[in-house]
Amino acid sequence: MFLPVNDASATDPDRRGSHWSLLMVDRRERERPVAYHYDSAGRLNDQPAAQLARRLGAHLVPTRITQQQNGYDCGAFVLDGTRALVGRLGQRLQPARLHLDYLAVDRQALQNRLRG
């Protein structure tokens with residue numbers, strides 16, 4: 001299960017969120033799900049990712065991902081990271097080995113894919 005994570009507040013309407021990260025939940029072991037958190041801005045979304053993992057009853061594991069070099073590509077990292085993980089899971093790799101510290105986000109290529 002792939003879930004985008006945002007730092008917006010459900011209780012504070014003035015905190016609309018400014019950063020996205022990715023949570024991938026492995027539920028193959030129904031009694032012991034694991035949530036892998038990919039945050040391209042270090043640990044900025046640790047708290048919302050931990051809250052979401054808790055609500056899903058999953059053990060949270062921070063996972064490596066390339067760090068963005070600007071303040072606006074977090075969404076592109078979520079989309080390209082999801083795409084890369086789906087491809088690697090199709091190769092039947094174990095989730096614990098699915099770090100994304102090699103990920104090279106190409107905003108123009110992403111825009112072209114979305115335009116289809």
# chains A, B, ... in the order shown; residues from 1 in each chain; ligands from 1

$ residues_around --residues "range 3-14 of chain A" --least-positions-apart "3" --cutoff "8 Å" --atoms "only C-alpha atoms" --output "PDB file with all heavy atoms, in the first residue's frame"
ATOM      1  N   GLY A  17       0.028  22.531   5.330  1.00  0.00           N
ATOM      2  CA  GLY A  17       1.024  21.577   4.866  1.00  0.00           C
ATOM      3  C   GLY A  17       1.909  22.138   3.784  1.00  0.00           C
ATOM      4  O   GLY A  17       1.463  22.900   2.928  1.00  0.00           O
ATOM      5  N   SER A  18       3.173  21.754   3.831  1.00  0.00           N
ATOM      6  CA  SER A  18       4.136  22.256   2.862  1.00  0.00           C
ATOM      7  C   SER A  18       5.072  21.174   2.349  1.00  0.00           C
ATOM      8  O   SER A  18       5.924  21.452   1.512  1.00  0.00           O
ATOM      9  CB  SER A  18       4.967  23.383   3.485  1.00  0.00           C
ATOM     10  OG  SER A  18       5.680  22.884   4.611  1.00  0.00           O
ATOM     11  N   HIS A  19       4.938  19.955   2.851  1.00  0.00           N
ATOM     12  CA  HIS A  19       5.881  18.900   2.465  1.00  0.00           C
ATOM     13  C   HIS A  19       5.174  17.559   2.327  1.00  0.00           C
ATOM     14  O   HIS A  19       4.300  17.215   3.124  1.00  0.00           O
ATOM     15  CB  HIS A  19       7.001  18.793   3.503  1.00  0.00           C
ATOM     16  CG  HIS A  19       7.982  17.717   3.197  1.00  0.00           C
ATOM     17  ND1 HIS A  19       8.732  17.709   2.041  1.00  0.00           N
ATOM     18  CD2 HIS A  19       8.338  16.605   3.880  1.00  0.00           C
ATOM     19  CE1 HIS A  19       9.499  16.628   2.030  1.00  0.00           C
ATOM     20  NE2 HIS A  19       9.273  15.950   3.140  1.00  0.00           N
ATOM     21  N   TRP A  20       5.572  16.814   1.304  1.00  0.00           N
ATOM     22  CA  TRP A  20       5.064  15.466   1.051  1.00  0.00           C
ATOM     23  C   TRP A  20       6.184  14.448   1.176  1.00  0.00           C
ATOM     24  O   TRP A  20       7.321  14.716   0.800  1.00  0.00           O
ATOM     25  CB  TRP A  20       4.492  15.370  -0.371  1.00  0.00           C
ATOM     26  CG  TRP A  20       3.264  16.181  -0.578  1.00  0.00           C
ATOM     27  CD1 TRP A  20       3.196  17.437  -1.102  1.00  0.00           C
ATOM     28  CD2 TRP A  20       1.925  15.796  -0.259  1.00  0.00           C
ATOM     29  NE1 TRP A  20       1.892  17.870  -1.131  1.00  0.00           N
ATOM     30  CE2 TRP A  20       1.090  16.875  -0.624  1.00  0.00           C
ATOM     31  CE3 TRP A  20       1.347  14.652   0.273  1.00  0.00           C
ATOM     32  CZ2 TRP A  20      -0.283  16.843  -0.460  1.00  0.00           C
ATOM     33  CZ3 TRP A  20      -0.015  14.616   0.443  1.00  0.00           C
ATOM     34  CH2 TRP A  20      -0.818  15.700   0.081  1.00  0.00           C
ATOM     35  N   SER A  21       5.858  13.281   1.710  1.00  0.00           N
ATOM     36  CA  SER A  21       6.776  12.145   1.734  1.00  0.00           C
ATOM     37  C   SER A  21       5.942  10.902   1.430  1.00  0.00           C
ATOM     38  O   SER A  21       4.732  10.996   1.204  1.00  0.00           O
ATOM     39  CB  SER A  21       7.484  12.039   3.088  1.00  0.00           C
ATOM     40  OG  SER A  21       6.555  11.871   4.145  1.00  0.00           O
ATOM     41  N   LEU A  22       6.577   9.761   1.401  1.00  0.00           N
ATOM     42  CA  LEU A  22       5.915   8.520   0.988  1.00  0.00           C
ATOM     43  C   LEU A  22       5.985   7.474   2.091  1.00  0.00           C
ATOM     44  O   LEU A  22       7.041   7.262   2.686  1.00  0.00           O
ATOM     45  CB  LEU A  22       6.585   7.983  -0.277  1.00  0.00           C
ATOM     46  CG  LEU A  22       6.110   6.637  -0.803  1.00  0.00           C
ATOM     47  CD1 LEU A  22       4.643   6.690  -1.227  1.00  0.00           C
ATOM     48  CD2 LEU A  22       6.982   6.194  -1.968  1.00  0.00           C
ATOM     49  N   LEU A  23       4.871   6.822   2.335  1.00  0.00           N
ATOM     50  CA  LEU A  23       4.816   5.697   3.265  1.00  0.00           C
ATOM     51  C   LEU A  23       4.375   4.475   2.473  1.00  0.00           C
ATOM     52  O   LEU A  23       3.310   4.486   1.841  1.00  0.00           O
ATOM     53  CB  LEU A  23       3.812   5.984   4.387  1.00  0.00           C
ATOM     54  CG  LEU A  23       3.907   5.111   5.628  1.00  0.00           C
ATOM     55  CD1 LEU A  23       5.208   5.388   6.373  1.00  0.00           C
ATOM     56  CD2 LEU A  23       2.721   5.368   6.549  1.00  0.00           C
ATOM     57  N   MET A  24       5.216   3.445   2.458  1.00  0.00           N
ATOM     58  CA  MET A  24       4.863   2.185   1.813  1.00  0.00           C
ATOM     59  C   MET A  24       4.606   1.158   2.921  1.00  0.00           C
ATOM     60  O   MET A  24       5.475   0.938   3.768  1.00  0.00           O
ATOM     61  CB  MET A  24       5.980   1.681   0.907  1.00  0.00           C
ATOM     62  CG  MET A  24       5.606   0.373   0.213  1.00  0.00           C
ATOM     63  SD  MET A  24       6.921  -0.295  -0.798  1.00  0.00           S
ATOM     64  CE  MET A  24       7.994  -0.988   0.455  1.00  0.00           C
ATOM     65  N   VAL A  25       3.429   0.577   2.925  1.00  0.00           N
ATOM     66  CA  VAL A  25       3.061  -0.369   3.982  1.00  0.00           C
ATOM     67  C   VAL A  25       3.052  -1.778   3.417  1.00  0.00           C
ATOM     68  O   VAL A  25       2.345  -2.070   2.450  1.00  0.00           O
ATOM     69  CB  VAL A  25       1.685  -0.022   4.591  1.00  0.00           C
ATOM     70  CG1 VAL A  25       1.341  -0.981   5.710  1.00  0.00           C
ATOM     71  CG2 VAL A  25       1.675   1.423   5.092  1.00  0.00           C
ATOM     72  N   ASN A  45       8.923  14.898   7.876  1.00  0.00           N
ATOM     73  CA  ASN A  45       7.590  14.317   8.079  1.00  0.00           C
ATOM     74  C   ASN A  45       7.588  13.116   9.027  1.00  0.00           C
ATOM     75  O   ASN A  45       6.684  12.291   8.977  1.00  0.00           O
ATOM     76  CB  ASN A  45       6.986  13.894   6.735  1.00  0.00           C
ATOM     77  CG  ASN A  45       6.191  14.992   6.078  1.00  0.00           C
ATOM     78  OD1 ASN A  45       6.040  16.061   6.641  1.00  0.00           O
ATOM     79  ND2 ASN A  45       5.680  14.723   4.900  1.00  0.00           N
ATOM     80  N   PRO A  48       4.054  13.020  11.230  1.00  0.00           N
ATOM     81  CA  PRO A  48       2.844  12.552  10.548  1.00  0.00           C
ATOM     82  C   PRO A  48       2.976  11.118  10.037  1.00  0.00           C
ATOM     83  O   PRO A  48       2.001  10.357  10.039  1.00  0.00           O
ATOM     84  CB  PRO A  48       2.640  13.543   9.398  1.00  0.00           C
ATOM     85  CG  PRO A  48       3.810  14.431   9.373  1.00  0.00           C
ATOM     86  CD  PRO A  48       4.587  14.238  10.620  1.00  0.00           C
ATOM     87  N   ALA A  49       4.178  10.712   9.625  1.00  0.00           N
ATOM     88  CA  ALA A  49       4.368   9.324   9.169  1.00  0.00           C
ATOM     89  C   ALA A  49       4.186   8.355  10.338  1.00  0.00           C
ATOM     90  O   ALA A  49       3.555   7.298  10.190  1.00  0.00           O
ATOM     91  CB  ALA A  49       5.742   9.152   8.541  1.00  0.00           C
ATOM     92  N   VAL A  78       7.822  11.804  -4.313  1.00  0.00           N
ATOM     93  CA  VAL A  78       6.775  10.840  -3.944  1.00  0.00           C
ATOM     94  C   VAL A  78       6.327  10.061  -5.182  1.00  0.00           C
ATOM     95  O   VAL A  78       6.236   8.828  -5.156  1.00  0.00           O
ATOM     96  CB  VAL A  78       5.574  11.540  -3.263  1.00  0.00           C
ATOM     97  CG1 VAL A  78       4.388  10.599  -3.131  1.00  0.00           C
ATOM     98  CG2 VAL A  78       5.985  12.068  -1.890  1.00  0.00           C
TER      99      VAL A  78
END

$ residues_around --residues "Asp106 in chain A" --least-positions-apart "5" --cutoff "10 Å" --atoms "only C-alpha atoms" --output "list of chain:residue names"
A:Asp73, A:Ala76, A:Phe77, A:Asp80, A:Gln111

$ write_last_selection --atoms "C-alpha atoms" --output "compact mmCIF listing (two decimals), in the first residue's frame"
# COMPACT_ATOMS: atom_id res chain seq x y z
CA ASP A 73 10.39 18.77 -5.49
CA ALA A 76 8.02 14.64 -7.61
CA PHE A 77 10.01 12.45 -5.19
CA ASP A 80 8.94 8.91 -8.87
CA GLN A 111 5.55 16.13 -16.52

$ residues_around --residues "Arg27 in chain A" --least-positions-apart "5" --cutoff "10 Å" --atoms "only C-alpha atoms" --output "ChimeraX atom specification"
/A:1,32-35,56,58

$ residues_around --residues "Asp101 in chain A" --least-positions-apart "2" --cutoff "6 Å" --atoms "only C-alpha atoms" --output "PyMOL selection string"
chain A and resi 64-66+99+103

$ select_by_dssp --residues "chain A" --states "helix (DSSP H, G or I)" --output "number ranges by chain"
A: 46-55, 74-90, 95-97, 107-115

$ closest_residue --among "A:Gly87, A:Gly81, A:Pro62, A:Gly71" --to "Tyr102 in chain A" --atoms "only C-alpha atoms"
A:Gly81

$ closest_residue --among "A:Arg115, A:Arg15, A:Arg83, A:Arg97" --to "Phe2 in chain A" --atoms "only C-alpha atoms"
A:Arg83

$ closest_residue --among "A:Arg92, A:Arg113, A:His59, A:Arg107" --to "Glu31 in chain A" --atoms "only C-alpha atoms"
A:His59

$ select_by_dssp --residues "chain A" --states "strand (DSSP E or B)" --output "list in words"
Phe2, Leu3, Pro4, Val5, Asn6, Trp20, Ser21, Leu22, Leu23, Met24, Val25, Asp26, Val34, Ala35, Tyr36, His37, Tyr38, His59, Leu60, Val61, Pro62, Thr63, Ile65 and Leu100 of chain A

$ atom_distance --atom1 "CA of Ser40 in chain A" --atom2 "CA of Gly90 in chain A"
23.1 Å

$ atom_distance --atom1 "CA of Val105 in chain A" --atom2 "CA of Ala53 in chain A"
25.6 Å

$ decode --residues "range 58-80 of chain A" --atoms "N, CA and C atoms" --output "PDB file, in the first residue's frame"
ATOM      1  N   ALA A  58       1.110  -0.498  12.126  1.00  0.00           N
ATOM      2  CA  ALA A  58       2.349  -0.930  11.481  1.00  0.00           C
ATOM      3  C   ALA A  58       3.573  -0.413  12.231  1.00  0.00           C
ATOM      4  N   HIS A  59       4.624  -1.209  12.198  1.00  0.00           N
ATOM      5  CA  HIS A  59       5.925  -0.812  12.748  1.00  0.00           C
ATOM      6  C   HIS A  59       6.599   0.102  11.730  1.00  0.00           C
ATOM      7  N   LEU A  60       7.032   1.296  12.143  1.00  0.00           N
ATOM      8  CA  LEU A  60       7.612   2.284  11.233  1.00  0.00           C
ATOM      9  C   LEU A  60       9.112   2.082  11.078  1.00  0.00           C
ATOM     10  N   VAL A  61       9.571   2.072   9.825  1.00  0.00           N
ATOM     11  CA  VAL A  61      10.990   1.942   9.517  1.00  0.00           C
ATOM     12  C   VAL A  61      11.393   3.100   8.598  1.00  0.00           C
ATOM     13  N   PRO A  62      12.249   4.022   9.078  1.00  0.00           N
ATOM     14  CA  PRO A  62      12.746   5.060   8.173  1.00  0.00           C
ATOM     15  C   PRO A  62      13.621   4.394   7.112  1.00  0.00           C
ATOM     16  N   THR A  63      13.487   4.831   5.867  1.00  0.00           N
ATOM     17  CA  THR A  63      14.194   4.196   4.769  1.00  0.00           C
ATOM     18  C   THR A  63      14.908   5.258   3.948  1.00  0.00           C
ATOM     19  N   ARG A  64      16.072   4.901   3.430  1.00  0.00           N
ATOM     20  CA  ARG A  64      16.892   5.874   2.700  1.00  0.00           C
ATOM     21  C   ARG A  64      16.267   6.261   1.361  1.00  0.00           C
ATOM     22  N   ILE A  65      16.371   7.552   1.044  1.00  0.00           N
ATOM     23  CA  ILE A  65      15.958   8.100  -0.243  1.00  0.00           C
ATOM     24  C   ILE A  65      16.879   9.273  -0.548  1.00  0.00           C
ATOM     25  N   THR A  66      17.127   9.508  -1.824  1.00  0.00           N
ATOM     26  CA  THR A  66      17.895  10.677  -2.235  1.00  0.00           C
ATOM     27  C   THR A  66      17.255  11.923  -1.631  1.00  0.00           C
ATOM     28  N   GLN A  67      18.069  12.858  -1.215  1.00  0.00           N
ATOM     29  CA  GLN A  67      17.555  14.084  -0.615  1.00  0.00           C
ATOM     30  C   GLN A  67      17.381  15.166  -1.683  1.00  0.00           C
ATOM     31  N   GLN A  68      16.246  15.830  -1.652  1.00  0.00           N
ATOM     32  CA  GLN A  68      15.973  16.890  -2.619  1.00  0.00           C
ATOM     33  C   GLN A  68      16.890  18.077  -2.344  1.00  0.00           C
ATOM     34  N   GLN A  69      17.225  18.793  -3.405  1.00  0.00           N
ATOM     35  CA  GLN A  69      18.153  19.914  -3.310  1.00  0.00           C
ATOM     36  C   GLN A  69      17.444  21.261  -3.357  1.00  0.00           C
ATOM     37  N   ASN A  70      16.114  21.238  -3.248  1.00  0.00           N
ATOM     38  CA  ASN A  70      15.348  22.482  -3.294  1.00  0.00           C
ATOM     39  C   ASN A  70      14.145  22.341  -2.365  1.00  0.00           C
ATOM     40  N   GLY A  71      13.312  23.340  -2.319  1.00  0.00           N
ATOM     41  CA  GLY A  71      12.168  23.321  -1.420  1.00  0.00           C
ATOM     42  C   GLY A  71      10.852  22.985  -2.088  1.00  0.00           C
ATOM     43  N   TYR A  72      10.896  22.439  -3.310  1.00  0.00           N
ATOM     44  CA  TYR A  72       9.631  22.222  -4.015  1.00  0.00           C
ATOM     45  C   TYR A  72       9.496  20.877  -4.737  1.00  0.00           C
ATOM     46  N   ASP A  73      10.491  20.023  -4.740  1.00  0.00           N
ATOM     47  CA  ASP A  73      10.393  18.769  -5.491  1.00  0.00           C
ATOM     48  C   ASP A  73       9.880  17.575  -4.682  1.00  0.00           C
ATOM     49  N   CYS A  74       9.375  17.787  -3.481  1.00  0.00           N
ATOM     50  CA  CYS A  74       8.949  16.664  -2.645  1.00  0.00           C
ATOM     51  C   CYS A  74       7.850  15.832  -3.326  1.00  0.00           C
ATOM     52  N   GLY A  75       6.920  16.484  -3.997  1.00  0.00           N
ATOM     53  CA  GLY A  75       5.857  15.749  -4.692  1.00  0.00           C
ATOM     54  C   GLY A  75       6.402  14.890  -5.814  1.00  0.00           C
ATOM     55  N   ALA A  76       7.386  15.418  -6.544  1.00  0.00           N
ATOM     56  CA  ALA A  76       8.022  14.636  -7.609  1.00  0.00           C
ATOM     57  C   ALA A  76       8.740  13.427  -7.013  1.00  0.00           C
ATOM     58  N   PHE A  77       9.349  13.580  -5.847  1.00  0.00           N
ATOM     59  CA  PHE A  77      10.010  12.455  -5.188  1.00  0.00           C
ATOM     60  C   PHE A  77       8.988  11.384  -4.790  1.00  0.00           C
ATOM     61  N   VAL A  78       7.822  11.804  -4.313  1.00  0.00           N
ATOM     62  CA  VAL A  78       6.775  10.840  -3.944  1.00  0.00           C
ATOM     63  C   VAL A  78       6.327  10.061  -5.182  1.00  0.00           C
ATOM     64  N   LEU A  79       6.058  10.765  -6.272  1.00  0.00           N
ATOM     65  CA  LEU A  79       5.586  10.089  -7.488  1.00  0.00           C
ATOM     66  C   LEU A  79       6.660   9.195  -8.105  1.00  0.00           C
ATOM     67  N   ASP A  80       7.879   9.721  -8.278  1.00  0.00           N
ATOM     68  CA  ASP A  80       8.941   8.905  -8.873  1.00  0.00           C
ATOM     69  C   ASP A  80       9.368   7.779  -7.937  1.00  0.00           C
TER      70      ASP A  80
END
